[in-house]
file start_27.csv (CSV, N, CA and C atoms)
chain,number,residue,atom,x,y,z
A,578,MET,N,-80.2,-23.2,-46.3
A,578,MET,CA,-81.2,-23.2,-47.3
A,578,MET,C,-82.5,-22.6,-46.8
A,579,PRO,N,-83.1,-21.6,-47.5
A,579,PRO,CA,-84.4,-21.0,-47.0
A,579,PRO,C,-85.5,-22.0,-47.0
A,580,LEU,N,-86.4,-21.8,-46.1
A,580,LEU,CA,-87.6,-22.6,-46.1
A,580,LEU,C,-88.5,-22.3,-47.2
A,581,THR,N,-89.2,-23.3,-47.7
A,581,THR,CA,-90.2,-23.0,-48.7
A,581,THR,C,-91.5,-22.5,-48.1
A,582,LEU,N,-92.4,-21.9,-48.9
A,582,LEU,CA,-93.6,-21.4,-48.3
A,582,LEU,C,-94.4,-22.6,-47.7
A,583,GLU,N,-94.4,-23.7,-48.4
A,583,GLU,CA,-95.1,-24.9,-47.8
A,583,GLU,C,-94.6,-25.3,-46.5
A,584,GLN,N,-93.3,-25.3,-46.3
A,584,GLN,CA,-92.7,-25.6,-45.0
A,584,GLN,C,-93.1,-24.6,-43.9
A,585,ILE,N,-93.1,-23.4,-44.3
A,585,ILE,CA,-93.5,-22.4,-43.3
A,585,ILE,C,-95.0,-22.6,-42.9
A,586,VAL,N,-95.8,-22.8,-43.9
A,586,VAL,CA,-97.3,-23.1,-43.6
A,586,VAL,C,-97.4,-24.3,-42.7
A,587,GLU,N,-96.7,-25.4,-43.0
A,587,GLU,CA,-96.8,-26.6,-42.2
A,587,GLU,C,-96.3,-26.4,-40.8
A,588,GLU,N,-95.2,-25.6,-40.6
A,588,GLU,CA,-94.7,-25.3,-39.3
A,588,GLU,C,-95.7,-24.5,-38.5
A,589,THR,N,-96.3,-23.6,-39.1
A,589,THR,CA,-97.2,-22.7,-38.3
A,589,THR,C,-98.6,-23.4,-38.0
A,590,ARG,N,-98.9,-24.5,-38.6
A,590,ARG,CA,-100.1,-25.2,-38.2
A,590,ARG,C,-100.1,-25.7,-36.8
A,591,HIS,N,-98.9,-25.8,-36.2
A,591,HIS,CA,-98.8,-26.3,-34.8
A,591,HIS,C,-98.7,-25.1,-33.8
A,592,TRP,N,-98.7,-23.9,-34.3
A,592,TRP,CA,-98.6,-22.8,-33.4
A,592,TRP,C,-99.9,-22.4,-32.7
A,593,ALA,N,-99.8,-21.8,-31.5
A,593,ALA,CA,-100.9,-21.3,-30.8
A,593,ALA,C,-101.5,-20.1,-31.6
A,594,PRO,N,-102.8,-20.0,-31.6
A,594,PRO,CA,-103.4,-18.9,-32.4
A,594,PRO,C,-102.8,-17.5,-32.1
A,595,ALA,N,-102.5,-17.2,-30.9
A,595,ALA,CA,-101.9,-15.9,-30.5
A,595,ALA,C,-100.6,-15.7,-31.2
A,596,ARG,N,-99.8,-16.8,-31.2
A,596,ARG,CA,-98.5,-16.7,-31.9
A,596,ARG,C,-98.6,-16.5,-33.4
A,597,LEU,N,-99.6,-17.2,-34.0
A,597,LEU,CA,-99.8,-17.1,-35.4
A,597,LEU,C,-100.3,-15.7,-35.8
A,598,ALA,N,-101.2,-15.2,-34.9
A,598,ALA,CA,-101.7,-13.8,-35.1
A,598,ALA,C,-100.6,-12.8,-35.1
A,599,GLU,N,-99.6,-13.0,-34.2
A,599,GLU,CA,-98.5,-12.1,-34.1
A,599,GLU,C,-97.6,-12.2,-35.3
A,600,LEU,N,-97.4,-13.4,-35.9
A,600,LEU,CA,-96.7,-13.5,-37.1
A,600,LEU,C,-97.4,-12.7,-38.3
A,601,VAL,N,-98.7,-12.9,-38.4
A,601,VAL,CA,-99.5,-12.3,-39.4
A,601,VAL,C,-99.4,-10.8,-39.3
A,602,ASP,N,-99.5,-10.3,-38.1
A,602,ASP,CA,-99.4,-8.9,-37.8
A,602,ASP,C,-98.1,-8.3,-38.2
A,603,ASN,N,-97.0,-9.0,-37.8
A,603,ASN,CA,-95.7,-8.6,-38.2
A,603,ASN,C,-95.5,-8.6,-39.7
A,604,LEU,N,-95.9,-9.6,-40.4
A,604,LEU,CA,-95.8,-9.6,-41.8
A,604,LEU,C,-96.6,-8.5,-42.5
A,605,THR,N,-97.8,-8.3,-42.0
A,605,THR,CA,-98.6,-7.2,-42.6
A,605,THR,C,-97.9,-5.8,-42.4
A,606,LEU,N,-97.4,-5.6,-41.2
A,606,LEU,CA,-96.7,-4.3,-41.0
A,606,LEU,C,-95.5,-4.2,-41.9
A,607,GLU,N,-94.7,-5.3,-42.1
A,607,GLU,CA,-93.6,-5.3,-42.9
A,607,GLU,C,-94.0,-5.0,-44.4
A,608,LEU,N,-95.0,-5.7,-44.8
A,608,LEU,CA,-95.5,-5.5,-46.2
A,608,LEU,C,-95.9,-4.1,-46.5
A,609,HIS,N,-96.6,-3.4,-45.5
A,609,HIS,CA,-97.1,-2.1,-45.7
A,609,HIS,C,-96.2,-1.0,-45.2
A,610,GLY,N,-95.0,-1.3,-44.8
A,610,GLY,CA,-94.1,-0.3,-44.4
A,610,GLY,C,-94.2,0.1,-43.0
A,611,GLY,N,-94.9,-0.6,-42.2
A,611,GLY,CA,-95.0,-0.3,-40.7
A,611,GLY,C,-96.1,0.8,-40.5
A,612,ILE,N,-96.1,1.2,-39.3
A,612,ILE,CA,-97.1,2.2,-38.9
A,612,ILE,C,-96.4,3.6,-38.9
A,613,PRO,N,-96.9,4.6,-39.5
A,613,PRO,CA,-96.3,5.9,-39.5
A,613,PRO,C,-96.2,6.4,-38.1
A,614,PRO,N,-95.0,7.0,-37.7
A,614,PRO,CA,-94.8,7.4,-36.3
A,614,PRO,C,-95.9,8.3,-35.8
A,615,ASP,N,-96.5,9.2,-36.6
A,615,ASP,CA,-97.5,10.1,-36.1
A,615,ASP,C,-98.8,9.3,-35.7
A,616,VAL,N,-99.1,8.3,-36.5
A,616,VAL,CA,-100.3,7.4,-36.2
A,616,VAL,C,-100.0,6.6,-35.0
A,617,GLU,N,-98.8,6.0,-34.8
A,617,GLU,CA,-98.5,5.3,-33.6
A,617,GLU,C,-98.6,6.2,-32.4
A,618,ASP,N,-98.0,7.4,-32.5
A,618,ASP,CA,-98.1,8.3,-31.3
A,618,ASP,C,-99.6,8.6,-31.0
A,619,ALA,N,-100.4,8.9,-32.0
A,619,ALA,CA,-101.8,9.2,-31.8
A,619,ALA,C,-102.5,8.0,-31.1
A,620,TRP,N,-102.2,6.8,-31.5
A,620,TRP,CA,-102.9,5.6,-30.8
A,620,TRP,C,-102.4,5.5,-29.4
A,621,LYS,N,-101.1,5.7,-29.1
A,621,LYS,CA,-100.6,5.6,-27.8
A,621,LYS,C,-101.3,6.7,-26.9
A,622,GLN,N,-101.4,7.9,-27.4
A,622,GLN,CA,-102.1,8.9,-26.6
A,622,GLN,C,-103.6,8.5,-26.3
A,623,GLU,N,-104.2,8.0,-27.3
A,623,GLU,CA,-105.6,7.5,-27.2
A,623,GLU,C,-105.7,6.4,-26.1
A,624,ALA,N,-104.8,5.5,-26.2
A,624,ALA,CA,-104.8,4.4,-25.3
A,624,ALA,C,-104.6,4.9,-23.8
A,625,ARG,N,-103.7,5.8,-23.7
A,625,ARG,CA,-103.4,6.4,-22.4
A,625,ARG,C,-104.7,7.1,-21.8
A,626,ARG,N,-105.3,7.9,-22.7
A,626,ARG,CA,-106.5,8.6,-22.4
A,626,ARG,C,-107.6,7.7,-21.9
A,627,ARG,N,-107.8,6.6,-22.7
A,627,ARG,CA,-108.9,5.6,-22.3
A,627,ARG,C,-108.5,4.9,-21.0
A,628,LEU,N,-107.3,4.5,-20.8
A,628,LEU,CA,-106.9,3.9,-19.6
A,628,LEU,C,-107.1,4.8,-18.4
A,629,ALA,N,-106.8,6.1,-18.5
A,629,ALA,CA,-107.0,7.1,-17.5
A,629,ALA,C,-108.5,7.1,-17.1
A,630,GLU,N,-109.4,7.1,-18.2
A,630,GLU,CA,-110.8,7.2,-17.9
A,630,GLU,C,-111.3,5.9,-17.2
A,631,ILE,N,-110.7,4.8,-17.5
A,631,ILE,CA,-111.1,3.6,-16.8
A,631,ILE,C,-110.7,3.6,-15.3
A,632,GLU,N,-109.4,4.1,-15.1
A,632,GLU,CA,-108.9,4.2,-13.8
A,632,GLU,C,-109.6,5.2,-12.9
A,633,ASN,N,-110.0,6.3,-13.5
A,633,ASN,CA,-110.6,7.3,-12.7
A,633,ASN,C,-112.2,7.1,-12.6
A,634,GLY,N,-112.7,6.1,-13.3
A,634,GLY,CA,-114.1,5.8,-13.2
A,634,GLY,C,-115.0,6.6,-14.1
A,635,SER,N,-114.5,7.4,-15.0
A,635,SER,CA,-115.3,8.2,-15.8
A,635,SER,C,-115.8,7.4,-17.1
A,636,ALA,N,-115.2,6.3,-17.3
A,636,ALA,CA,-115.6,5.5,-18.5
A,636,ALA,C,-116.5,4.4,-18.0
A,637,GLN,N,-117.5,4.1,-18.9
A,637,GLN,CA,-118.4,3.0,-18.6
A,637,GLN,C,-117.9,1.8,-19.2
A,638,THR,N,-117.5,0.8,-18.4
A,638,THR,CA,-117.0,-0.5,-19.0
A,638,THR,C,-118.1,-1.5,-19.2
A,639,VAL,N,-117.8,-2.5,-20.0
A,639,VAL,CA,-118.8,-3.6,-20.3
A,639,VAL,C,-118.0,-4.9,-20.1
A,640,ASP,N,-118.7,-5.8,-19.3
A,640,ASP,CA,-118.1,-7.1,-19.1
A,640,ASP,C,-117.8,-7.9,-20.4
A,641,GLY,N,-116.7,-8.6,-20.4
A,641,GLY,CA,-116.3,-9.3,-21.6
A,641,GLY,C,-117.4,-10.3,-22.1
A,642,ASP,N,-118.1,-11.0,-21.2
A,642,ASP,CA,-119.1,-11.9,-21.6
A,642,ASP,C,-120.3,-11.2,-22.2
A,643,GLU,N,-120.6,-10.0,-21.7
A,643,GLU,CA,-121.7,-9.2,-22.4
A,643,GLU,C,-121.2,-8.8,-23.8
A,644,VAL,N,-120.0,-8.4,-23.9
A,644,VAL,CA,-119.5,-8.0,-25.3
A,644,VAL,C,-119.6,-9.2,-26.2
A,645,SER,N,-119.2,-10.3,-25.8
A,645,SER,CA,-119.3,-11.5,-26.6
A,645,SER,C,-120.7,-11.8,-27.0
A,646,ALA,N,-121.6,-11.7,-26.1
A,646,ALA,CA,-123.0,-12.0,-26.3
A,646,ALA,C,-123.6,-11.0,-27.3
A,647,ARG,N,-123.2,-9.7,-27.2
A,647,ARG,CA,-123.6,-8.7,-28.2
A,647,ARG,C,-123.1,-9.0,-29.6
A,648,VAL,N,-121.8,-9.4,-29.7
A,648,VAL,CA,-121.2,-9.7,-31.0
A,648,VAL,C,-122.0,-10.9,-31.6
A,649,ARG,N,-122.2,-11.9,-30.8
A,649,ARG,CA,-123.0,-13.1,-31.3
A,649,ARG,C,-124.3,-12.7,-31.8
A,650,ARG,N,-125.0,-11.8,-31.1
A,650,ARG,CA,-126.3,-11.4,-31.6
A,650,ARG,C,-126.2,-10.7,-32.9
A,651,VAL,N,-125.2,-9.8,-33.1
A,651,VAL,CA,-125.0,-9.0,-34.3
A,651,VAL,C,-124.7,-10.0,-35.5
A,652,VAL,N,-123.8,-10.9,-35.3
A,652,VAL,CA,-123.4,-11.8,-36.4
A,652,VAL,C,-124.4,-13.0,-36.5
A,653,GLY,N,-125.3,-13.1,-35.6
A,653,GLY,CA,-126.3,-14.2,-35.8
A,653,GLY,C,-125.9,-15.6,-35.3
A,654,ARG,N,-125.1,-15.6,-34.3
A,654,ARG,CA,-124.6,-16.9,-33.8
A,654,ARG,C,-125.1,-17.1,-32.4
call {"tool": "encode", "arguments": {"input": "start_27.csv", "output": "structure tokens"}}
result
Amino acid sequence: MPLTLEQIVEETRHWAPARLAELVDNLTLELHGGIPPDVEDAWKQEARRRLAEIENGSAQTVDGDEVSARVRRVVGR
């Protein structure tokens, strides 16, 4: 017998945030028909380009704590 929506919601209350985010991401992709192959390929190329810049030192990186501090300032927290 299929689970009800309420049963699914109750079950996911106990999941780690990362696992829940993965479920939401998968459902969103399913709902919208996935990522078009050309878009996925473009993002992969961009990710590779950015990684290469980090590895060869041509990209200026920012410490994660500094990024968090900047975001808190922007959102007023």
call {"tool": "atom_distance", "arguments": {"input": "start_27.csv", "atom1": "atom CA of Ala598 of chain A", "atom2": "atom CA of Ile612 of chain A"}}
result
17.1 Å
call {"tool": "atom_distance", "arguments": {"input": "start_27.csv", "atom1": "atom CA of Arg627 of chain A", "atom2": "atom CA of Asp615 of chain A"}}
result
18.5 Å
call {"tool": "atom_distance", "arguments": {"input": "start_27.csv", "atom1": "atom CA of Arg649 of chain A", "atom2": "atom CA of Ala629 of chain A"}}
result
29.2 Å
call {"tool": "select_by_dssp", "arguments": {"input": "start_27.csv", "residues": "segment 590-650 of chain A", "states": "helix (DSSP H, G or I)", "output": "ChimeraX atom specification"}}
result
/A:594-608,614-633,641-650
call {"tool": "residues_around", "arguments": {"input": "start_27.csv", "residues": "Val601 of chain A", "least_positions_apart": "6", "cutoff": "12 Å", "atoms": "only C-alpha atoms", "output": "list in words"}}
result
Val586, Thr589, Pro594, Ala595, Glu607 and Leu608 of chain A
